[in-house]
Amino acid sequence: MMSDPNGNPARSRQRRQRKNYALLILAAGMLAFGVATGTLYYVLRPTTLRIAVGPAGSEDYKLIQLMAQTFARENSAVRLSPVTTEGTAESIALFAAGKADLAVARGDLNLPENAESVAILRKNVVVLWAPSGLSAKGSKKPPTPKVKSFDDLAGRRVGVIGRTQANVTLLRVILKESGIDPDKVAVSQFATNQIGEMARDPSVDAFMAVGPLKSKITIDAIAATATARGEPKFLPVDIADAIAKKNPIYESEEIPASIFGSSPQRPEDKVDTVAVNHLIIAPKSLSDTAVAAFARQLFTNRQQLARELPSASQLEKPDTDKDAALPAHAGAAAYIDGNERTFLEKYTDYIWFAVLIVSGLGSAGAWFKHYWYKDEREQYIAHRDQLLELISKVRNAETPGELAEMQGAADGMLREALDCYDDGSIEDGDLSVIGLALEQFHHAVADRRTVLGAGETGKPRLRAG
């Protein structure tokens with residue numbers, strides 16, 4: 001493609017097209033930058049997990065609130081958004097309905113099939129005791145307790161602290177495994193604010209509490225029954241090991257001596273019992289990355305949490321054994337077992353894929369640029385060759401007019417070369433070649449003008465060098 005030295009409409013239109021192309025490339029680059037920025041923000045932004053917990057004001061609720069505040073204060077990768085419920089049953093219902101990402105629940109409840117453990121908040125131990133009775137006024141004879149051993153519970157009434165059916169179910173399991181017909185043991189449930197009423201109820205022959213070893217509710221209940229009905233006689237669950245083996249959701253545990261009081265000692269010696277975990281559960285489908293980050297934050301901040309809320313010291317890591325009654329979530333297991341993958345390990349494939357895409361786009365862009373400027377490159381080569389031909393023609397010019405015409409043609413070629421350089425179709429080296437050719441051309445013109453001015457009509461003399 002050739003255009004005259006002064007330019008033409010086709011050339012102007014082509015330059016406008018190139019400008020539009022440049023703007024298009026700029027817009028595409030800005031779009032790519034925006035997409036990359038958005039993707040980075042999406043990957044690195046904090047993840048908020050909804051956690052169902054209740055009731056409001058309970059130790060569980062206070063602990064989850066403290067976690068949420070701590071994670072937010074430290075700008076952690078995972079944040080918690082507590083969803084307040086009336087209790088564990090409602091928490092599990094919200095979890096099963098997909099309205100909560102996590103839930104606080106007891107391990108012996110009817111958990112959804114996709115539930116997996118993330119952390120153990122505490123172990124709830126079963127404490128069973130019977131009052132020894134009060135001595136009659138003026139009598140030195142020690143009182144005779146109605147219940148001396150576990151076998152004496154048949155035909156008696158047990159007062160169970162807490163309205164949850166789970167406690168009653170657990171009592172029936174213990175009775176059945178101990179060889180006692182559960183239907184022969186009556187049960188009365190009392191709310192945590194009815195401990196005084198329970199202690200004074202003469203129809204209740206034994207008491208049961210399920211909670212942490214140092215639970216204030218359990219300690220207060222034992223103290224209340226001791227005042228109202230005499231010192232407690234703690235009833236050991238001798239078949240705790242057997243229960244744990246037959247029902248993996250339960251564990252065999254020991255109640256240490258004097259844990260509920262030292263003067264007098266309550267109990268006087270260690271007592272075998274059954275425990276059940278109170279834990280945080282997550283659905284199997286929840287992101288391994290999010291769960292691993294949450295578990296890492298939780299156990300890293302455990303000591304700090306315990307300083308603000310002592311119950312946090314009972315936090316434990318779940319069992320990562322694959323045949324555990326409630327398996328640990330893959331994300332939590334990866335953190336606990338030290339198999340958590342780093343950022344590069346998780347995203348190496350994506351990074352390499354992005355590099356290949358960028359490399360491919362760069363190669364495609366270079367090819368497209370070469371194709372787009374193909375005509376300009378051909379025009380540049382044609383001008384370069386024409387300049388070399390003009391140098392030969394200059395030496396044979398017969399009149400100053402021919403030299404002027406050749407000079408004008410060379411100027412047009414220079415203008416076209418500069419336009420190509422401005423458009424980016426030729427490089428600095430290409431422009432240098434044109435400059436060198438023009439320099440030789442002007443030397444040849446000057447020499448020929450000298451010869452013509454002297455009137456020489458023969459062949460032009462050659463310039464030395």
# chains A, B, ... in the order shown; residues from 1 in each chain; ligands from 1
>>> select_by_dssp(residues="stretch 148-306 of chain A", states="strand (DSSP E or B)", output="VMD selection string")
chain A and resid 157 to 161 186 to 190 206 to 211 232 to 234 250 to 255 262 265 271 to 283
>>> residues_around(residues="stretch 314-323 of chain A", least_positions_apart="4", cutoff="12 Å", atoms="only C-alpha atoms", output="PyMOL selection string")
chain A and resi 59-60+63-64+107+116-124+211-215+248-249+277-281+295-296+298-303+305-306+309-310+327-339
>>> write_last_selection(atoms="C-alpha atoms", output="PDB file, in the first residue's frame")
ATOM      1  CA  GLU A  59     -22.220 -20.720  78.357  1.00  0.00           C
ATOM      2  CA  ASP A  60     -22.272 -21.989  74.779  1.00  0.00           C
ATOM      3  CA  LEU A  63     -18.323 -18.668  74.114  1.00  0.00           C
ATOM      4  CA  ILE A  64     -19.480 -18.369  70.499  1.00  0.00           C
ATOM      5  CA  GLY A 107     -23.005 -35.753  70.107  1.00  0.00           C
ATOM      6  CA  GLU A 116     -19.023 -33.832  60.957  1.00  0.00           C
ATOM      7  CA  SER A 117     -17.133 -32.514  63.977  1.00  0.00           C
ATOM      8  CA  VAL A 118     -14.934 -29.428  63.936  1.00  0.00           C
ATOM      9  CA  ALA A 119     -14.157 -28.935  67.632  1.00  0.00           C
ATOM     10  CA  ILE A 120     -15.164 -30.308  71.017  1.00  0.00           C
ATOM     11  CA  LEU A 121     -16.387 -27.484  73.235  1.00  0.00           C
ATOM     12  CA  ARG A 122     -16.460 -29.669  76.339  1.00  0.00           C
ATOM     13  CA  LYS A 123     -17.227 -33.112  77.717  1.00  0.00           C
ATOM     14  CA  ASN A 124     -20.548 -33.439  79.476  1.00  0.00           C
ATOM     15  CA  GLY A 211     -22.651 -31.097  82.171  1.00  0.00           C
ATOM     16  CA  PRO A 212     -18.982 -30.123  82.493  1.00  0.00           C
ATOM     17  CA  LEU A 213     -17.146 -31.410  85.550  1.00  0.00           C
ATOM     18  CA  LYS A 214     -16.911 -27.933  87.042  1.00  0.00           C
ATOM     19  CA  SER A 215     -20.431 -26.927  86.045  1.00  0.00           C
ATOM     20  CA  PRO A 248     -19.252 -44.935  70.403  1.00  0.00           C
ATOM     21  CA  ILE A 249     -21.016 -41.597  70.846  1.00  0.00           C
ATOM     22  CA  ASN A 277     -19.174 -34.566  73.765  1.00  0.00           C
ATOM     23  CA  HIS A 278     -20.670 -31.146  73.225  1.00  0.00           C
ATOM     24  CA  LEU A 279     -19.243 -29.933  69.945  1.00  0.00           C
ATOM     25  CA  ILE A 280     -19.297 -27.712  66.901  1.00  0.00           C
ATOM     26  CA  ILE A 281     -20.502 -29.522  63.791  1.00  0.00           C
ATOM     27  CA  ALA A 295     -10.109 -24.645  63.367  1.00  0.00           C
ATOM     28  CA  ARG A 296      -6.671 -23.013  63.203  1.00  0.00           C
ATOM     29  CA  LEU A 298     -10.005 -21.438  67.251  1.00  0.00           C
ATOM     30  CA  PHE A 299      -7.169 -23.494  68.698  1.00  0.00           C
ATOM     31  CA  THR A 300      -4.567 -20.763  68.176  1.00  0.00           C
ATOM     32  CA  ASN A 301      -6.693 -18.377  70.255  1.00  0.00           C
ATOM     33  CA  ARG A 302      -7.789 -20.965  72.838  1.00  0.00           C
ATOM     34  CA  GLN A 303      -5.626 -19.562  75.652  1.00  0.00           C
ATOM     35  CA  LEU A 305     -10.376 -17.096  74.914  1.00  0.00           C
ATOM     36  CA  ALA A 306      -9.883 -18.966  78.207  1.00  0.00           C
ATOM     37  CA  LEU A 309     -14.110 -17.025  79.542  1.00  0.00           C
ATOM     38  CA  PRO A 310     -12.764 -19.946  81.645  1.00  0.00           C
ATOM     39  CA  PRO A 327     -15.799 -38.182  61.985  1.00  0.00           C
ATOM     40  CA  ALA A 328     -13.855 -34.952  61.933  1.00  0.00           C
ATOM     41  CA  HIS A 329     -14.462 -32.651  58.987  1.00  0.00           C
ATOM     42  CA  ALA A 330     -11.746 -33.023  56.326  1.00  0.00           C
ATOM     43  CA  GLY A 331     -10.699 -29.378  56.813  1.00  0.00           C
ATOM     44  CA  ALA A 332     -10.370 -29.729  60.590  1.00  0.00           C
ATOM     45  CA  ALA A 333      -8.558 -33.065  60.196  1.00  0.00           C
ATOM     46  CA  ALA A 334      -6.088 -31.502  57.752  1.00  0.00           C
ATOM     47  CA  TYR A 335      -5.227 -28.808  60.301  1.00  0.00           C
ATOM     48  CA  ILE A 336      -5.029 -31.202  63.255  1.00  0.00           C
ATOM     49  CA  ASP A 337      -2.916 -33.790  61.415  1.00  0.00           C
ATOM     50  CA  GLY A 338      -0.647 -31.155  59.866  1.00  0.00           C
ATOM     51  CA  ASN A 339      -1.769 -31.952  56.320  1.00  0.00           C
TER      52      ASN A 339
END
>>> residues_around(residues="stretch 155-169 of chain A", least_positions_apart="4", cutoff="6 Å", atoms="only C-alpha atoms", output="PyMOL selection string")
chain A and resi 184-192+204-209
>>> write_last_selection(atoms="C-alpha atoms", output="PDB file, in the first residue's frame")
ATOM      1  CA  LYS A 184     -39.378 -49.290  86.274  1.00  0.00           C
ATOM      2  CA  VAL A 185     -37.609 -46.022  87.016  1.00  0.00           C
ATOM      3  CA  ALA A 186     -39.749 -42.882  87.084  1.00  0.00           C
ATOM      4  CA  VAL A 187     -38.271 -39.631  85.813  1.00  0.00           C
ATOM      5  CA  SER A 188     -39.071 -36.030  86.720  1.00  0.00           C
ATOM      6  CA  GLN A 189     -37.350 -33.242  84.782  1.00  0.00           C
ATOM      7  CA  PHE A 190     -36.534 -29.893  86.371  1.00  0.00           C
ATOM      8  CA  ALA A 191     -35.326 -26.721  84.691  1.00  0.00           C
ATOM      9  CA  THR A 192     -32.002 -25.251  85.787  1.00  0.00           C
ATOM     10  CA  VAL A 204     -37.385 -37.729  94.192  1.00  0.00           C
ATOM     11  CA  ASP A 205     -35.046 -40.467  95.407  1.00  0.00           C
ATOM     12  CA  ALA A 206     -31.961 -39.713  93.252  1.00  0.00           C
ATOM     13  CA  PHE A 207     -30.663 -36.943  91.070  1.00  0.00           C
ATOM     14  CA  MET A 208     -28.922 -36.696  87.718  1.00  0.00           C
ATOM     15  CA  ALA A 209     -27.005 -33.835  86.111  1.00  0.00           C
TER      16      ALA A 209
END
>>> residues_around(residues="stretch 130-134 of chain A", least_positions_apart="3", cutoff="6 Å", atoms="only C-alpha atoms", output="PDB file with C-alpha atoms, in the first residue's frame")
ATOM      1  CA  PRO A 143     -29.992 -41.741 108.619  1.00  0.00           C
ATOM      2  CA  PRO A 145     -30.539 -43.709 102.633  1.00  0.00           C
ATOM      3  CA  ALA A 206     -31.961 -39.713  93.252  1.00  0.00           C
ATOM      4  CA  ARG A 229     -31.840 -34.036 102.110  1.00  0.00           C
ATOM      5  CA  GLY A 230     -28.413 -34.855 103.518  1.00  0.00           C
ATOM      6  CA  GLU A 231     -24.952 -35.524 102.093  1.00  0.00           C
ATOM      7  CA  PRO A 232     -24.902 -37.006  98.590  1.00  0.00           C
ATOM      8  CA  LYS A 233     -24.131 -40.655  97.904  1.00  0.00           C
TER       9      LYS A 233
END
>>> atom_distance(atom1="atom CA of A:Ala56", atom2="atom CA of A:Leu286")
25.6 Å
